[in-house]
Each structure stands twice: as C-alpha cells, then as structure tokens.
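Student: So here's query07.cif, just mmCIF, C-alpha atoms and all ligand atoms:
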data_entry
loop_
_atom_site.label_atom_id
_atom_site.label_comp_id
_atom_site.auth_asym_id
_atom_site.auth_seq_id
_atom_site.Cartn_x
_atom_site.Cartn_y
_atom_site.Cartn_z
CA MET A 289 -151.23 15.25 49.78
CA LEU A 290 -147.66 15.18 48.47
CA ARG A 291 -146.11 18.62 48.08
CA PRO A 292 -143.67 18.11 45.22
CA TYR A 293 -141.54 21.17 45.91
CA GLY A 294 -141.77 21.56 49.67
CA LEU A 295 -141.26 24.99 51.16
CA LEU A 296 -138.36 26.26 49.09
CA PRO A 297 -137.54 29.91 49.79
CA MET A 298 -138.33 31.91 46.69
CA THR A 299 -138.82 35.44 45.47
CA PRO A 300 -142.39 36.71 45.41
CA LYS A 301 -144.17 36.16 42.13
CA LEU A 302 -147.41 37.04 40.43
CA LEU A 303 -149.32 34.23 38.78
CA VAL A 304 -152.36 35.27 36.78
CA LEU A 305 -154.91 32.68 35.63
CA SER A 306 -157.67 33.48 33.16
CA ALA A 307 -160.09 31.21 31.36
CA PRO A 308 -163.52 31.09 29.78
CA SER A 309 -166.11 30.14 32.43
CA GLY A 310 -166.39 26.39 32.60
CA ALA A 311 -162.70 25.71 31.83
CA GLY A 312 -162.04 24.70 35.44
CA LYS A 313 -160.11 27.76 36.61
CA SER A 314 -161.59 27.97 40.14
CA THR A 315 -160.82 24.30 40.84
CA ILE A 316 -157.26 24.79 39.57
CA CYS A 317 -156.83 27.89 41.78
CA ASN A 318 -158.10 26.02 44.83
CA MET A 319 -155.75 23.12 44.20
CA LEU A 320 -152.77 25.44 43.69
CA LEU A 321 -153.56 27.20 46.98
CA GLU A 322 -153.94 23.90 48.83
CA ARG A 323 -150.70 22.41 47.53
CA ASN A 324 -148.53 25.52 47.81
CA PRO A 325 -148.47 27.16 51.24
CA ASP A 326 -146.45 30.09 49.83
CA PHE A 327 -149.32 31.02 47.44
CA ARG A 328 -152.07 33.46 48.38
CA LEU A 329 -155.14 34.43 46.38
CA SER A 330 -155.58 38.08 45.47
CA ILE A 331 -159.08 38.75 46.82
CA SER A 332 -160.85 41.03 44.37
CA ALA A 333 -163.65 43.48 45.04
CA THR A 334 -166.88 42.96 43.16
CA THR A 335 -170.30 44.52 42.81
CA ARG A 336 -171.99 41.16 42.29
CA ALA A 337 -173.92 39.54 45.14
CA PRO A 338 -172.42 36.57 47.02
CA ARG A 339 -173.38 33.14 45.58
CA GLY A 340 -174.06 30.04 47.68
CA SER A 341 -171.60 29.74 50.57
CA GLU A 342 -169.40 32.68 49.50
CA ARG A 343 -168.27 34.93 52.36
CA ASN A 344 -167.14 38.53 52.34
CA ALA A 345 -163.33 38.93 52.38
CA VAL A 346 -162.84 35.22 51.57
CA GLU A 347 -163.84 34.79 47.92
CA TYR A 348 -164.38 38.52 47.28
CA PHE A 349 -164.92 41.83 48.98
CA PHE A 350 -168.58 42.31 48.08
CA LEU A 351 -169.22 46.04 47.64
CA PRO A 352 -172.18 48.15 46.62
CA GLU A 353 -171.53 49.93 43.28
CA GLU A 354 -171.16 53.27 45.03
CA GLU A 355 -168.34 51.99 47.21
CA PHE A 356 -166.68 50.21 44.30
CA PHE A 357 -166.60 53.42 42.25
CA ALA A 358 -165.35 55.45 45.22
CA LYS A 359 -162.34 53.10 45.17
CA VAL A 360 -161.98 53.61 41.42
CA GLU A 361 -161.91 57.39 42.03
CA ASN A 362 -159.34 56.93 44.81
CA ASN A 363 -157.11 54.95 42.48
CA GLU A 364 -157.25 51.90 44.78
CA PHE A 365 -157.40 49.34 41.97
CA ILE A 366 -154.51 47.97 39.91
CA GLU A 367 -157.16 47.13 37.34
CA TYR A 368 -160.89 46.73 37.14
CA ALA A 369 -163.26 45.42 34.49
CA GLU A 370 -166.88 44.67 33.80
CA VAL A 371 -167.47 40.94 33.41
CA HIS A 372 -170.89 39.39 32.73
CA GLY A 373 -172.64 42.61 33.84
CA HIS A 374 -170.80 43.12 37.16
CA TYR A 375 -167.67 45.02 38.12
CA TYR A 376 -164.56 43.34 39.48
CA GLY A 377 -161.30 44.94 40.59
CA THR A 378 -157.88 44.02 41.99
CA LEU A 379 -156.97 46.00 45.10
CA LYS A 380 -153.47 47.50 44.98
CA ALA A 381 -152.99 47.57 48.76
CA SER A 382 -153.78 43.89 49.31
CA VAL A 383 -151.55 42.71 46.45
CA GLU A 384 -148.65 44.88 47.62
CA ALA A 385 -149.06 43.58 51.19
CA LEU A 386 -148.91 39.94 50.01
CA LEU A 387 -145.83 40.62 47.87
CA ARG A 388 -144.09 42.36 50.78
CA GLN A 389 -144.73 39.28 52.91
CA GLY A 390 -143.02 37.13 50.28
CA PHE A 391 -146.09 35.26 48.99
CA THR A 392 -146.66 34.23 45.40
CA VAL A 393 -149.87 36.03 44.52
CA LEU A 394 -152.42 34.10 42.51
CA PHE A 395 -154.97 36.07 40.48
CA ASP A 396 -158.20 34.54 39.22
CA ILE A 397 -159.27 37.32 36.88
CA ASP A 398 -160.59 37.91 33.38
CA VAL A 399 -158.37 38.31 30.30
CA ILE A 400 -158.61 42.11 30.20
CA GLY A 401 -157.63 42.38 33.86
CA ALA A 402 -154.76 39.94 33.30
CA LEU A 403 -153.25 42.03 30.50
CA ASN A 404 -153.59 45.16 32.64
CA ILE A 405 -151.75 43.45 35.51
CA LYS A 406 -148.92 42.62 33.07
CA LYS A 407 -148.64 46.30 32.10
CA GLN A 408 -148.00 47.24 35.72
CA TYR A 409 -146.09 44.13 36.77
CA PRO A 410 -144.19 42.95 33.67
CA GLU A 411 -142.75 40.05 35.68
CA ALA A 412 -146.26 38.59 36.18
CA ILE A 413 -146.79 35.19 34.55
CA LEU A 414 -150.04 35.06 32.58
CA ILE A 415 -151.60 31.65 31.99
CA PHE A 416 -154.72 31.07 29.93
CA ILE A 417 -156.59 27.86 30.73
CA ARG A 418 -158.35 26.33 27.74
CA PRO A 419 -161.09 23.73 27.94
CA PRO A 420 -160.36 20.52 25.99
CA SER A 421 -163.04 21.53 23.46
CA GLN A 422 -165.99 23.86 22.97
CA GLU A 423 -168.40 20.89 23.43
CA GLU A 424 -166.76 20.01 26.75
CA LEU A 425 -166.98 23.65 27.88
CA ILE A 426 -170.72 23.79 27.13
CA ARG A 427 -171.21 20.43 28.87
CA ARG A 428 -169.39 21.67 32.01
CA LEU A 429 -171.33 24.96 32.06
CA LYS A 430 -174.65 23.11 31.81
CA ASN A 431 -173.62 20.48 34.39
CA ARG A 432 -172.72 22.93 37.13
CA LYS A 433 -176.29 24.27 37.03
CA THR A 434 -175.30 27.65 38.49
CA GLU A 435 -176.19 29.63 35.35
CA SER A 436 -179.43 30.03 33.44
CA GLU A 437 -179.53 29.31 29.71
CA ALA A 438 -179.31 33.08 29.06
CA GLN A 439 -176.27 33.41 31.32
CA ILE A 440 -174.59 30.48 29.58
CA GLN A 441 -175.21 32.22 26.23
CA LYS A 442 -173.63 35.41 27.60
CA ARG A 443 -170.53 33.48 28.68
CA LEU A 444 -170.25 31.81 25.27
CA GLU A 445 -170.54 35.17 23.49
CA ARG A 446 -167.41 36.31 25.32
CA LEU A 447 -165.32 33.39 24.00
CA PRO A 448 -163.96 34.96 20.76
CA MET A 449 -162.70 38.00 22.67
CA GLU A 450 -161.14 35.76 25.34
CA TYR A 451 -159.33 33.58 22.78
CA GLU A 452 -158.08 36.69 20.98
CA LYS A 453 -156.60 38.16 24.19
CA ALA A 454 -155.15 34.76 25.13
CA ASP A 455 -152.65 35.16 22.28
CA TYR A 456 -150.88 37.78 24.41
CA PHE A 457 -150.54 35.50 27.44
CA ASP A 458 -147.23 33.88 28.40
CA TYR A 459 -148.69 30.35 28.35
CA GLN A 460 -151.85 28.52 27.34
CA VAL A 461 -152.69 25.24 29.03
CA VAL A 462 -155.41 22.80 27.94
CA ASN A 463 -157.16 21.56 31.07
CA ASP A 464 -158.00 18.00 30.09
CA ASP A 465 -156.59 16.50 33.26
CA LEU A 466 -156.84 18.56 36.45
CA LEU A 467 -153.78 17.28 38.31
CA SER A 468 -151.52 17.46 35.22
CA THR A 469 -152.62 21.05 34.65
CA VAL A 470 -151.88 21.99 38.27
CA VAL A 471 -148.45 20.30 38.22
CA PHE A 472 -147.63 21.95 34.89
CA ILE A 473 -148.43 25.40 36.34
CA GLU A 474 -146.36 24.66 39.45
CA GLN A 475 -143.40 23.71 37.29
CA LEU A 476 -143.71 26.90 35.27
CA ILE A 477 -143.59 29.10 38.34
CA ARG A 478 -140.87 27.14 40.16
CA LYS A 479 -138.62 27.32 37.07
CA ARG A 480 -138.42 31.13 37.16
P1 LIG A 501 -167.40 35.07 39.15
O1 LIG A 501 -168.49 36.07 39.26
O2 LIG A 501 -167.84 33.82 38.44
O3 LIG A 501 -166.72 34.80 40.44
O4 LIG A 501 -166.28 35.73 38.22
C1 LIG A 501 -166.59 36.18 36.94
C2 LIG A 501 -165.32 36.55 36.21
O5 LIG A 501 -164.72 37.71 36.81
C3 LIG A 501 -164.25 35.47 36.25
O6 LIG A 501 -163.70 35.33 34.93
C4 LIG A 501 -163.22 36.03 37.18
O7 LIG A 501 -161.95 35.53 36.88
C5 LIG A 501 -163.33 37.51 36.89
N1 LIG A 501 -162.74 38.33 37.96
C6 LIG A 501 -162.75 38.09 39.29
N2 LIG A 501 -162.10 39.03 39.95
C7 LIG A 501 -161.62 39.91 39.03
C8 LIG A 501 -160.83 41.10 39.11
O8 LIG A 501 -160.42 41.59 40.15
N3 LIG A 501 -160.57 41.73 37.93
C9 LIG A 501 -160.99 41.26 36.73
N4 LIG A 501 -160.65 41.93 35.64
N5 LIG A 501 -161.73 40.14 36.63
C10 LIG A 501 -162.04 39.47 37.75
#
For the file at hand, write its structure as structure tokens.
Ligand code: 5GP
Tutor:
Amino acid sequence: MLRPYGLLPMTPKLLVLSAPSGAGKSTICNMLLERNPDFRLSISATTRAPRGSERNAVEYFFLPEEEFFAKVENNEFIEYAEVHGHYYGTLKASVEALLRQGFTVLFDIDVIGALNIKKQYPEAILIFIRPPSQEELIRRLKNRKTESEAQIQKRLERLPMEYEKADYFDYQVVNDDLLSTVVFIEQLIRKR
C-alpha cells in the first residue's frame, strides 16, 4: 500500500479517536496503524473478557476487576472509565514509554477518557468519528452481529452523551468513506 508521507522524522504526538460503537473506529485505527509505521496503539487495560480472536497484551490487557482496581489505587492510569458495564483504563507507563521512543500514540477510547487525556496532555489531538447517519449506525451495529439487541440498545442510549462531549473535541469527522477518513486524519496530524 502507498504510504503518502513516508517515514518523516517527527515529534511524538498523541492522537485520540472516539466514536459511538458502529461508526467504524476500530477499522480506522487498524488502517492508521498499518499505513503509519511511526504510530503505536495505546493498549488499554480492561475488565471485560476477550472476544473472538483477541489476545492479552495485543488488543487489551485483560485484568480481573481486583487487579484493575489495584492499579487505580496505585495511580497507574492516566484515565479510566466505565463503558457498557466494563472498566477500561489507559496505562501511564506504557504511554510514556511509547512517547519516549518517539512514536505517535493512537488512543481508541471513549469520549470521557478522551477529554481526560486532553486535561493531562493538552497537546493531544482529539478526533470524534461520526457515522454518516443514525440509520447507518444502527445498520452497521446490527450487521456486525457481535451484540445482542439489548446491547445494541445500551450503545444507542449512550449516543446523546457522546455527541454532547464531542463538541469539546478538536475535530469531528464523518466516516462515510473509510480511506478518505483515514487520509484526512493523517493530514491533520502531519500538519502539526
Ligand atoms: P470494546 O469493549 O468494544 O473494545 O470497547 C468499548 C469502548 O471502550 C470503546 O468505545 C473503546 O473505545 C472504549 N475504551 C477502550 N479502551 C479504553 C480506555 O482505556 N479508556 C476509556 N475511557 N475507554 C476505552
């Protein structure tokens, strides 16, 4: 695949992506990581169980609640939040290590976590991914068949809060075409 910007030396950056579930955020993150060898994903800790082919320390650090809250007590998280009934947190040590190595750190986290990252790293770029429409979002959620009807309802109930917080993000991008969205995000970060 063509890498439009090659391996330009650049200062480390923090790129935070949030979106309602079904907006295509995971696919966008994967494409950004594939196309930009200087990007690394911030691997969060979570109390939820692995899904499908997910592996520990790749998608997440899967922790029992007890261990998760021991880390909260030890102040090991930059931020943590409850999302859809499970806890998720960004580990300070792993983010700092990636920044020290000069990587651009990509965060795939919820809107509350994103705004908390910004408080501690004001230089972080916050991008909210919007689905083309509510109908399209529902269609995508149903199509992926990973959530029950009740879980889909729970995700939809979170939408008003997510759109409200999105107003405080640096950018909002409508994901109606995957590649255009990815290129747009790359241009935003390369411009800084
Ligand atoms: P999933 O369980 O589908 O992987 O993720 C559920 C939600 O939790 C997604 O919106 C994801 O972005 C968010 N999330 C993942 N890691 C973190 C984290 O470290 N902190 C926060 N606040 N949210 C996270």
Student: Compute the set of protein, DNA and RNA residues whose minimum atom distance to ligand LIG 501 (chain A) is at most 7 Å, using all atoms listed in the file, and state it as a PDB file with C-alpha atoms, in the frame of the given file.
Tutor:
ATOM      1  CA  SER A 306    -157.670  33.480  33.160  1.00  0.00           C
ATOM      2  CA  ALA A 307    -160.090  31.210  31.360  1.00  0.00           C
ATOM      3  CA  PRO A 308    -163.520  31.090  29.780  1.00  0.00           C
ATOM      4  CA  SER A 309    -166.110  30.140  32.430  1.00  0.00           C
ATOM      5  CA  SER A 332    -160.850  41.030  44.370  1.00  0.00           C
ATOM      6  CA  ALA A 333    -163.650  43.480  45.040  1.00  0.00           C
ATOM      7  CA  THR A 334    -166.880  42.960  43.160  1.00  0.00           C
ATOM      8  CA  ARG A 336    -171.990  41.160  42.290  1.00  0.00           C
ATOM      9  CA  GLU A 367    -157.160  47.130  37.340  1.00  0.00           C
ATOM     10  CA  TYR A 368    -160.890  46.730  37.140  1.00  0.00           C
ATOM     11  CA  ALA A 369    -163.260  45.420  34.490  1.00  0.00           C
ATOM     12  CA  VAL A 371    -167.470  40.940  33.410  1.00  0.00           C
ATOM     13  CA  HIS A 372    -170.890  39.390  32.730  1.00  0.00           C
ATOM     14  CA  TYR A 376    -164.560  43.340  39.480  1.00  0.00           C
ATOM     15  CA  GLY A 377    -161.300  44.940  40.590  1.00  0.00           C
ATOM     16  CA  THR A 378    -157.880  44.020  41.990  1.00  0.00           C
ATOM     17  CA  ASP A 396    -158.200  34.540  39.220  1.00  0.00           C
ATOM     18  CA  ILE A 397    -159.270  37.320  36.880  1.00  0.00           C
ATOM     19  CA  ASP A 398    -160.590  37.910  33.380  1.00  0.00           C
ATOM     20  CA  VAL A 399    -158.370  38.310  30.300  1.00  0.00           C
ATOM     21  CA  ILE A 400    -158.610  42.110  30.200  1.00  0.00           C
ATOM     22  CA  GLY A 401    -157.630  42.380  33.860  1.00  0.00           C
ATOM     23  CA  ALA A 402    -154.760  39.940  33.300  1.00  0.00           C
TER      24      ALA A 402
END
Student: Quote the spacing between atom CA of Phe357 of chain A and atom CA of Leu447 of chain A in Å to one decimal place.
Tutor: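 One can read the atom CA of Phe357 of chain A to atom CA of Leu447 of chain A distance as 27.1 Å.
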Student: Which of these, A:Gln475, A:Asn324, A:Gln460, A:Thr469, has the shortest distance to Phe391 of chain A once you count only C-alpha atoms?
Tutor: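 Once distances to Phe391 of chain A are computed over only C-alpha atoms, the minimum belongs to A:Asn324.
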Student: Which one of A:Ala454, A:Ile426, A:Leu321, A:Val471 sits closest to Lys442 of chain A if you count all atoms listed in the file?
Tutor: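 Ranked by minimum distance to Lys442 of chain A, first place goes to A:Ile426.
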Student: Rank A:Gln389, A:Asn463, A:Ser314, A:Ser330 by their smallest atom-to-atom distance to Leu302 of chain A, using all atoms listed in the file, and report the top residue only.
Tutor: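 Checking each candidate against Leu302 of chain A, we get A:Ser330 as the closest.
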Student: At a cut-off of 9 Å from (-152.4, 38.6, 25.9) in the coordinates of the file, what residues are picked up using only C-alpha atoms, written as JSON, numbers by chain?
Tutor: {"A": [399, 400, 402, 403, 406, 414, 416, 452, 453, 454, 455, 456, 457, 458]}
Student: Please determine the residues with any atom at most 12 Å from (-157.5, 21.9, 18.8) (coordinates as given in the file, with all atoms listed in the file counting) and report them as a PyMOL selection string.
Tutor: chain A and resi 418-423+461-462+464
Student: Of the residues A:Leu351, A:Leu303, A:Leu387, A:Ile473, which is the one nearest to Ala412 of chain A, using only C-alpha atoms?
Tutor: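 Once distances to Ala412 of chain A are computed over only C-alpha atoms, the minimum belongs to A:Leu303.
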Student: Name the closest residue to Val346 of chain A among the candidates A:Arg443, A:Lys407, A:Ala358, A:Ile331; distances are taken between atoms, counting only C-alpha atoms.
Tutor: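 Looking only at the distances to Val346 of chain A, the closest residue turns out to be A:Ile331.
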Student: I'd like the neighbourhood of Ile316 of chain A as a list in words, where a residue qualifies if any of its atoms comes within 8 Å (using only C-alpha atoms), though same-chain residues fewer than 3 positions away should be ignored.
Tutor: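 Counting only C-alpha atoms, the residues come to Gly312, Lys313, Met319, Leu320, Leu466, Thr469 and Val470 of chain A.
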Student: Rounded to one decimal place, report the atom CA of Lys430 of chain A-atom CA of Pro338 of chain A distance in Å.
Tutor: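 These atoms are spaced 20.4 Å apart.
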Student: Report, in Å to a single decimal, how far apart atom CA of Ile417 of chain A and atom CA of Gly373 of chain A are.
Tutor: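 Spanning atom CA of Gly373 of chain A to atom CA of Ile417 of chain A is a straight-line distance of 22.0 Å.
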Student: A:Phe356, A:Phe395, A:Glu411, A:Ala311: which is nearest Glu424 of chain A, counting only C-alpha atoms?
Tutor: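 Smallest distance to Glu424 of chain A is found for A:Ala311.
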